[in-house]
$ cat work.cif   # mmCIF, C-alpha atoms
data_work
#
loop_
_atom_site.group_PDB
_atom_site.id
_atom_site.type_symbol
_atom_site.label_atom_id
_atom_site.label_comp_id
_atom_site.auth_asym_id
_atom_site.auth_seq_id
_atom_site.Cartn_x
_atom_site.Cartn_y
_atom_site.Cartn_z
ATOM 1 C CA MET G 2 8.485 -9.990 0.180
ATOM 2 C CA ILE G 3 6.695 -8.400 3.108
ATOM 3 C CA LEU G 4 6.866 -10.624 6.151
ATOM 4 C CA ILE G 5 3.506 -11.164 7.738
ATOM 5 C CA LYS G 6 3.580 -13.976 10.252
ATOM 6 C CA SER G 7 3.687 -14.754 13.902
ATOM 7 C CA ILE G 8 6.226 -16.836 15.764
ATOM 8 C CA ARG G 9 4.575 -19.838 17.344
ATOM 9 C CA LYS G 10 5.944 -21.467 20.456
ATOM 10 C CA SER G 11 5.163 -25.072 21.223
ATOM 11 C CA THR G 12 2.854 -25.444 24.168
ATOM 12 C CA HIS G 13 3.297 -27.919 26.899
ATOM 13 C CA PRO G 14 1.047 -28.734 29.853
ATOM 14 C CA GLY G 15 0.959 -25.807 32.235
ATOM 15 C CA SER G 16 2.009 -23.215 29.646
ATOM 16 C CA LYS G 17 -0.259 -20.170 29.457
ATOM 17 C CA SER G 18 1.098 -18.687 26.217
ATOM 18 C CA THR G 19 0.821 -20.103 22.712
ATOM 19 C CA GLN G 20 2.443 -17.163 20.931
ATOM 20 C CA ASN G 21 5.625 -15.206 21.351
ATOM 21 C CA LYS G 22 5.638 -11.863 19.513
ATOM 22 C CA PRO G 23 8.169 -9.098 20.066
ATOM 23 C CA HIS G 24 6.587 -5.728 20.835
ATOM 24 C CA GLN G 25 6.837 -3.417 17.818
ATOM 25 C CA THR G 26 6.396 0.322 18.229
ATOM 26 C CA ASN G 27 8.869 1.958 15.870
ATOM 27 C CA ALA G 28 10.027 1.434 12.292
ATOM 28 C CA ASN G 29 13.676 1.578 13.408
ATOM 29 C CA LYS G 30 13.362 -1.414 15.741
ATOM 30 C CA ASN G 31 12.814 -5.074 14.862
ATOM 31 C CA PRO G 32 11.783 -5.208 11.177
ATOM 32 C CA LEU G 33 9.282 -8.026 11.752
ATOM 33 C CA ILE G 34 5.757 -6.665 11.646
ATOM 34 C CA TYR G 35 2.804 -8.757 12.658
ATOM 35 C CA ALA G 36 -0.178 -7.705 10.594
ATOM 36 C CA ASP G 37 -2.542 -9.754 12.766
ATOM 37 C CA GLU G 38 -1.888 -7.343 15.648
ATOM 38 C CA VAL G 39 -3.543 -4.420 13.824
ATOM 39 C CA LYS G 40 -7.306 -4.162 14.063
ATOM 40 C CA ASP G 41 -9.207 -3.721 10.796
ATOM 41 C CA GLU G 42 -11.413 -0.966 12.234
ATOM 42 C CA SER G 43 -8.398 1.382 12.104
ATOM 43 C CA ILE G 44 -8.648 1.173 8.333
ATOM 44 C CA ASP G 45 -11.432 3.227 6.742
ATOM 45 C CA PRO G 46 -14.548 1.042 7.195
ATOM 46 C CA THR G 47 -16.081 2.402 3.974
ATOM 47 C CA ALA G 48 -12.938 1.345 2.091
ATOM 48 C CA THR G 49 -14.062 -2.032 0.852
ATOM 49 C CA LYS G 50 -12.268 -1.741 -2.471
ATOM 50 C CA ARG G 51 -8.674 -0.751 -2.966
ATOM 51 C CA LEU G 52 -8.759 -1.342 -6.732
ATOM 52 C CA THR G 53 -11.096 0.491 -9.061
ATOM 53 C CA THR G 54 -11.712 1.136 -12.727
ATOM 54 C CA ASP G 55 -13.298 4.490 -11.833
ATOM 55 C CA GLU G 56 -11.576 7.851 -11.621
ATOM 56 C CA ILE G 57 -10.226 8.429 -8.101
ATOM 57 C CA ASP G 58 -11.909 11.266 -6.203
ATOM 58 C CA ILE G 59 -8.867 12.838 -4.535
ATOM 59 C CA CYS G 60 -10.879 15.545 -2.734
ATOM 60 C CA LYS G 61 -13.190 12.953 -1.171
ATOM 61 C CA LEU G 62 -10.163 10.918 -0.146
ATOM 62 C CA LEU G 63 -8.480 13.942 1.440
ATOM 63 C CA ASN G 64 -11.664 14.837 3.309
ATOM 64 C CA SER G 65 -11.844 11.293 4.703
ATOM 65 C CA MET G 66 -8.526 11.948 6.482
ATOM 66 C CA LYS G 67 -9.968 14.733 8.674
ATOM 67 C CA ASP G 68 -9.451 14.046 12.363
ATOM 68 C CA LYS G 69 -12.044 15.719 14.560
ATOM 69 C CA LYS G 70 -10.497 14.215 17.716
ATOM 70 C CA GLY G 71 -7.103 15.840 17.111
ATOM 71 C CA LYS G 72 -5.026 12.637 17.215
ATOM 72 C CA SER G 73 -3.353 13.381 13.887
ATOM 73 C CA GLY G 74 -0.975 16.257 13.298
ATOM 74 C CA ALA G 75 -0.036 15.353 9.723
ATOM 75 C CA THR G 76 -1.817 14.172 6.604
ATOM 76 C CA VAL G 77 0.071 13.101 3.498
ATOM 77 C CA VAL G 78 -1.543 12.382 0.154
ATOM 78 C CA PHE G 79 0.509 10.925 -2.695
ATOM 79 C CA VAL G 80 -0.972 10.889 -6.191
ATOM 80 C CA GLY G 81 0.740 8.885 -8.916
ATOM 81 C CA SER G 82 -0.323 9.799 -12.438
ATOM 82 C CA VAL G 83 0.221 8.574 -15.983
ATOM 83 C CA ARG G 84 3.105 10.430 -17.592
ATOM 84 C CA ASN G 85 3.926 10.820 -21.268
ATOM 85 C CA TYR G 86 7.213 8.941 -21.250
ATOM 86 C CA GLY G 87 8.779 5.746 -19.956
ATOM 87 C CA LYS G 88 11.789 3.523 -20.516
ATOM 88 C CA ASN G 89 10.210 2.294 -23.750
ATOM 89 C CA GLY G 90 9.700 5.772 -25.265
ATOM 90 C CA LEU G 91 6.885 8.325 -25.565
ATOM 91 C CA VAL G 92 3.625 7.118 -24.029
ATOM 92 C CA LYS G 93 0.119 8.080 -25.122
ATOM 93 C CA GLU G 94 -1.873 5.795 -22.812
ATOM 94 C CA MET G 95 -1.321 3.269 -20.016
ATOM 95 C CA VAL G 96 -3.228 0.103 -19.137
ATOM 96 C CA TYR G 97 -3.002 -1.411 -15.659
ATOM 97 C CA GLU G 98 -3.933 -5.048 -15.143
ATOM 98 C CA SER G 99 -4.166 -6.954 -11.899
ATOM 99 C CA TYR G 100 -4.862 -10.214 -10.167
ATOM 100 C CA ILE G 101 -7.632 -8.431 -8.266
ATOM 101 C CA ASP G 102 -8.289 -10.733 -5.290
ATOM 102 C CA MET G 103 -4.600 -11.104 -4.493
ATOM 103 C CA ALA G 104 -3.903 -7.390 -5.042
ATOM 104 C CA GLU G 105 -6.742 -6.403 -2.667
ATOM 105 C CA GLN G 106 -5.311 -8.668 0.034
ATOM 106 C CA GLN G 107 -1.743 -7.419 -0.483
ATOM 107 C CA LEU G 108 -2.850 -3.777 -0.291
ATOM 108 C CA LYS G 109 -4.756 -4.510 2.917
ATOM 109 C CA GLN G 110 -1.677 -6.186 4.424
ATOM 110 C CA ILE G 111 0.527 -3.241 3.417
ATOM 111 C CA GLU G 112 -1.932 -0.903 5.165
ATOM 112 C CA LYS G 113 -1.809 -3.015 8.328
ATOM 113 C CA ILE G 114 1.983 -3.174 8.363
ATOM 114 C CA ALA G 115 2.345 0.579 7.833
ATOM 115 C CA MET G 116 -0.211 1.303 10.557
ATOM 116 C CA LYS G 117 1.762 -0.757 13.020
ATOM 117 C CA ARG G 118 5.138 0.776 12.153
ATOM 118 C CA TRP G 119 4.138 4.453 12.058
ATOM 119 C CA ASP G 120 1.108 4.808 14.343
ATOM 120 C CA ILE G 121 -1.110 5.732 11.413
ATOM 121 C CA LYS G 122 -4.517 6.947 12.548
ATOM 122 C CA LYS G 123 -6.241 6.796 9.140
ATOM 123 C CA ILE G 124 -5.179 5.239 5.867
ATOM 124 C CA ARG G 125 -6.593 4.716 2.397
ATOM 125 C CA ILE G 126 -4.890 3.278 -0.679
ATOM 126 C CA ILE G 127 -6.646 3.208 -4.044
ATOM 127 C CA HIS G 128 -5.090 1.917 -7.264
ATOM 128 C CA ARG G 129 -6.807 2.182 -10.627
ATOM 129 C CA ILE G 130 -6.790 -0.620 -13.144
ATOM 130 C CA GLY G 131 -7.776 -0.561 -16.790
ATOM 131 C CA PRO G 132 -6.932 1.957 -19.533
ATOM 132 C CA MET G 133 -5.873 5.477 -18.496
ATOM 133 C CA LYS G 134 -5.133 8.612 -20.452
ATOM 134 C CA LEU G 135 -2.129 10.868 -19.813
ATOM 135 C CA GLY G 136 -2.406 12.762 -16.532
ATOM 136 C CA ALA G 137 -4.943 10.346 -15.015
ATOM 137 C CA SER G 138 -4.413 9.449 -11.354
ATOM 138 C CA SER G 139 -3.329 5.814 -11.197
ATOM 139 C CA VAL G 140 -2.634 5.420 -7.476
ATOM 140 C CA VAL G 141 -3.485 7.480 -4.405
ATOM 141 C CA ILE G 142 -2.122 6.943 -0.910
ATOM 142 C CA ALA G 143 -3.661 9.014 1.873
ATOM 143 C CA LEU G 144 -2.735 8.711 5.526
ATOM 144 C CA SER G 145 -2.649 10.648 8.753
ATOM 145 C CA THR G 146 -0.277 10.314 11.698
ATOM 146 C CA PRO G 147 0.559 12.316 14.824
ATOM 147 C CA HIS G 148 3.862 13.562 13.298
ATOM 148 C CA SER G 149 4.847 14.665 9.772
ATOM 149 C CA LYS G 150 8.097 12.663 9.620
ATOM 150 C CA ASP G 151 6.161 9.442 10.192
ATOM 151 C CA ALA G 152 3.561 10.383 7.578
ATOM 152 C CA PHE G 153 6.183 10.943 4.869
ATOM 153 C CA GLU G 154 8.154 7.798 5.787
ATOM 154 C CA ALA G 155 5.016 5.664 5.839
ATOM 155 C CA CYS G 156 3.857 6.977 2.477
ATOM 156 C CA GLN G 157 7.233 6.190 0.872
ATOM 157 C CA PHE G 158 7.227 2.701 2.411
ATOM 158 C CA ILE G 159 3.710 2.045 1.087
ATOM 159 C CA LEU G 160 4.554 3.216 -2.430
ATOM 160 C CA ASN G 161 7.664 1.011 -2.539
ATOM 161 C CA ALA G 162 5.731 -1.970 -1.159
ATOM 162 C CA ILE G 163 2.998 -1.543 -3.775
ATOM 163 C CA LYS G 164 5.570 -1.517 -6.568
ATOM 164 C CA LYS G 165 7.332 -4.613 -5.224
ATOM 165 C CA GLU G 166 4.545 -6.719 -3.745
ATOM 166 C CA VAL G 167 1.182 -6.080 -5.355
ATOM 167 C CA PRO G 168 0.266 -8.013 -8.527
ATOM 168 C CA ILE G 169 -0.484 -5.001 -10.698
ATOM 169 C CA TRP G 170 1.154 -4.766 -14.115
ATOM 170 C CA LYS G 171 1.321 -1.839 -16.484
ATOM 171 C CA LYS G 172 1.322 -1.807 -20.234
ATOM 172 C CA GLU G 173 2.399 1.279 -22.159
ATOM 173 C CA ILE G 174 0.692 2.251 -25.391
ATOM 174 C CA LEU G 175 3.482 4.171 -27.103
ATOM 175 C CA SER G 176 3.145 7.138 -29.446
ATOM 176 C CA ASN G 177 4.055 4.848 -32.391
ATOM 177 C CA ASN G 178 1.154 2.520 -31.334
ATOM 178 C CA LYS G 179 3.499 -0.221 -30.145
ATOM 179 C CA VAL G 180 2.538 -1.912 -26.885
ATOM 180 C CA LYS G 181 5.204 -2.580 -24.247
ATOM 181 C CA TRP G 182 4.862 -4.139 -20.807
ATOM 182 C CA VAL G 183 6.807 -2.268 -18.146
ATOM 183 C CA VAL G 184 9.330 -4.462 -16.384
ATOM 184 C CA GLY G 185 8.612 -4.328 -12.648
ATOM 185 C CA ASN G 186 10.853 -4.417 -9.615
ATOM 186 C CA ALA G 187 12.119 -7.763 -8.435
ATOM 187 C CA ILE G 188 10.912 -8.787 -5.006
ATOM 188 C CA ASN G 189 13.682 -8.513 -2.416
ATOM 189 C CA ILE G 190 13.105 -11.328 0.054
ATOM 190 C CA ASP G 191 15.620 -9.878 2.534
ATOM 191 C CA GLU G 192 13.510 -6.782 3.269
#
$ encode --input "work.cif" --output "structure tokens"
Amino acid sequence: MILIKSIRKSTHPGSKSTQNKPHQTNANKNPLIYADEVKDESIDPTATKRLTTDEIDICKLLNSMKDKKGKSGATVVFVGSVRNYGKNGLVKEMVYESYIDMAEQQLKQIEKIAMKRWDIKKIRIIHRIGPMKLGASSVVIALSTPHSKDAFEACQFILNAIKKEVPIWKKEILSNNKVKWVVGNAINIDE
């Protein structure tokens, strides 16, 4: 499970500090990330929804990553799409279901954590729910950072976190019309 907390120190008379948080600037240092240290305005202010039943406009999403101030040197966009096979056999359609309120909050927390670890300048995650035909875009992650290495690492982290942490489930409609739920990844509490 993604750790999002702060370490509280007991206060006593005369103490000026009520919190003790290690400074975090790099993904290779202390793995504890404090999501409350990242300001929401760094996340696309027009991005009120991270889950949608609508088709994802990838071009619009890519255009939203443009950096007119030159702070970003790399933009990465990952698009996950419905494929025609899975562990259960040939697939003809996929249905994604979600606990929407919880999934929205988890996606927002993942954004905050990634922004802190990799100095992300802009980020947008959109995941579709509902029925989808083959080839449909099911998840899009777009982000920009000063350096390409960070952009690729952050994108991979986000994708893995979505698969492990966000309450989104997928159901395969197989070519023989059988319906099979896809078994997800177990949450690793030690991460």
$ residues_around --input "work.cif" --residues "stretch 118-129 of chain G" --least-positions-apart "5" --cutoff "6 Å" --atoms "only C-alpha atoms" --output "list in words"
Asn27, Ala28, Ile44, Arg51, Leu52, Thr53, Thr54, Ser139, Val140, Val141, Ile142, Ala143, Leu144, Ser145, Thr146 and Asp151 of chain G
$ write_last_selection --input "work.cif" --atoms "C-alpha atoms" --output "compact mmCIF listing (two decimals), in the frame of the given file"
# COMPACT_ATOMS: atom_id res chain seq x y z
CA ASN G 27 8.87 1.96 15.87
CA ALA G 28 10.03 1.43 12.29
CA ILE G 44 -8.65 1.17 8.33
CA ARG G 51 -8.67 -0.75 -2.97
CA LEU G 52 -8.76 -1.34 -6.73
CA THR G 53 -11.10 0.49 -9.06
CA THR G 54 -11.71 1.14 -12.73
CA SER G 139 -3.33 5.81 -11.20
CA VAL G 140 -2.63 5.42 -7.48
CA VAL G 141 -3.48 7.48 -4.40
CA ILE G 142 -2.12 6.94 -0.91
CA ALA G 143 -3.66 9.01 1.87
CA LEU G 144 -2.74 8.71 5.53
CA SER G 145 -2.65 10.65 8.75
CA THR G 146 -0.28 10.31 11.70
CA ASP G 151 6.16 9.44 10.19
$ resolve_selection --input "work.cif" --expression "the PyMOL selection byres ((chain G and resi 176) around 10)" --output "number ranges by chain"
G: 85-86, 90-94, 173-175, 177-180
$ axis_aligned_box --input "work.cif" --around "stretch 148-166 of chain G" --padding-each-side "4 Å" --output "lines of an AutoDock Vina configuration file"
center_x = 5.6
center_y = 4.0
center_z = 3.4
size_x = 13.2
size_y = 29.4
size_z = 27.9
$ atom_distance --input "work.cif" --atom1 "atom CA of G:Glu166" --atom2 "atom CA of G:Asp102"
13.5 Å
$ resolve_selection --input "work.cif" --expression "the PyMOL selection byres ((chain G and resi 115) around 9)" --output "PyMOL selection string"
chain G and resi 28+34+110-114+116-121+155-156+158-159
$ atom_distance --input "work.cif" --atom1 "atom CA of G:Tyr100" --atom2 "atom CA of G:Ile59"
24.1 Å
$ closest_residue --input "work.cif" --among "G:Lys165, G:Lys67, G:Lys172, G:Lys61" --to "G:Gln107" --atoms "all atoms listed in the file"
G:Lys165
$ atom_distance --input "work.cif" --atom1 "atom CA of G:Val77" --atom2 "atom CA of G:Glu154"
9.9 Å
$ build_atoms --input "work.cif" --residues "stretch 167-188 of chain G" --atoms "N, CA and C atoms" --output "mmCIF file, keeping the file's coordinate frame"
data_model
loop_
_atom_site.group_PDB
_atom_site.id
_atom_site.type_symbol
_atom_site.label_atom_id
_atom_site.label_comp_id
_atom_site.auth_asym_id
_atom_site.auth_seq_id
_atom_site.Cartn_x
_atom_site.Cartn_y
_atom_site.Cartn_z
ATOM 1 N N VAL G 167 2.577 -5.949 -4.926
ATOM 2 C CA VAL G 167 1.182 -6.080 -5.355
ATOM 3 C C VAL G 167 1.126 -6.500 -6.825
ATOM 4 N N PRO G 168 0.346 -7.536 -7.139
ATOM 5 C CA PRO G 168 0.266 -8.013 -8.527
ATOM 6 C C PRO G 168 -0.561 -7.087 -9.419
ATOM 7 N N ILE G 169 0.075 -5.968 -9.755
ATOM 8 C CA ILE G 169 -0.484 -5.001 -10.698
ATOM 9 C C ILE G 169 0.591 -4.780 -11.761
ATOM 10 N N TRP G 170 0.207 -4.908 -13.012
ATOM 11 C CA TRP G 170 1.154 -4.766 -14.115
ATOM 12 C C TRP G 170 0.709 -3.631 -15.008
ATOM 13 N N LYS G 171 1.695 -2.932 -15.591
ATOM 14 C CA LYS G 171 1.321 -1.839 -16.484
ATOM 15 C C LYS G 171 1.870 -2.051 -17.890
ATOM 16 N N LYS G 172 1.023 -1.674 -18.816
ATOM 17 C CA LYS G 172 1.322 -1.807 -20.234
ATOM 18 C C LYS G 172 1.265 -0.415 -20.843
ATOM 19 N N GLU G 173 2.338 -0.035 -21.517
ATOM 20 C CA GLU G 173 2.399 1.279 -22.159
ATOM 21 C C GLU G 173 1.933 1.176 -23.605
ATOM 22 N N ILE G 174 1.053 2.090 -23.985
ATOM 23 C CA ILE G 174 0.692 2.251 -25.391
ATOM 24 C C ILE G 174 1.536 3.437 -25.859
ATOM 25 N N LEU G 175 2.519 3.156 -26.685
ATOM 26 C CA LEU G 175 3.482 4.171 -27.103
ATOM 27 C C LEU G 175 2.930 5.054 -28.220
ATOM 28 N N SER G 176 3.589 6.181 -28.422
ATOM 29 C CA SER G 176 3.145 7.138 -29.446
ATOM 30 C C SER G 176 3.175 6.539 -30.850
ATOM 31 N N ASN G 177 4.000 5.518 -31.087
ATOM 32 C CA ASN G 177 4.055 4.848 -32.391
ATOM 33 C C ASN G 177 3.089 3.653 -32.452
ATOM 34 N N ASN G 178 2.182 3.563 -31.458
ATOM 35 C CA ASN G 178 1.154 2.520 -31.334
ATOM 36 C C ASN G 178 1.699 1.143 -30.960
ATOM 37 N N LYS G 179 2.970 1.042 -30.659
ATOM 38 C CA LYS G 179 3.499 -0.221 -30.145
ATOM 39 C C LYS G 179 3.063 -0.374 -28.693
ATOM 40 N N VAL G 180 2.945 -1.607 -28.261
ATOM 41 C CA VAL G 180 2.538 -1.912 -26.885
ATOM 42 C C VAL G 180 3.712 -2.581 -26.180
ATOM 43 N N LYS G 181 4.077 -2.033 -25.016
ATOM 44 C CA LYS G 181 5.204 -2.580 -24.247
ATOM 45 C C LYS G 181 4.801 -2.749 -22.790
ATOM 46 N N TRP G 182 5.056 -3.922 -22.239
ATOM 47 C CA TRP G 182 4.862 -4.139 -20.807
ATOM 48 C C TRP G 182 6.042 -3.523 -20.067
ATOM 49 N N VAL G 183 5.760 -2.876 -18.964
ATOM 50 C CA VAL G 183 6.807 -2.268 -18.146
ATOM 51 C C VAL G 183 7.362 -3.346 -17.229
ATOM 52 N N VAL G 184 8.679 -3.481 -17.244
ATOM 53 C CA VAL G 184 9.330 -4.462 -16.384
ATOM 54 C C VAL G 184 9.286 -3.936 -14.951
ATOM 55 N N GLY G 185 8.768 -4.753 -14.042
ATOM 56 C CA GLY G 185 8.612 -4.328 -12.648
ATOM 57 C C GLY G 185 9.857 -4.563 -11.830
ATOM 58 N N ASN G 186 9.757 -4.203 -10.557
ATOM 59 C CA ASN G 186 10.853 -4.417 -9.615
ATOM 60 C C ASN G 186 10.848 -5.856 -9.127
ATOM 61 N N ALA G 187 12.018 -6.427 -9.005
ATOM 62 C CA ALA G 187 12.119 -7.763 -8.435
ATOM 63 C C ALA G 187 11.831 -7.704 -6.941
ATOM 64 N N ILE G 188 11.208 -8.734 -6.436
ATOM 65 C CA ILE G 188 10.912 -8.787 -5.006
ATOM 66 C C ILE G 188 12.191 -9.118 -4.254
#
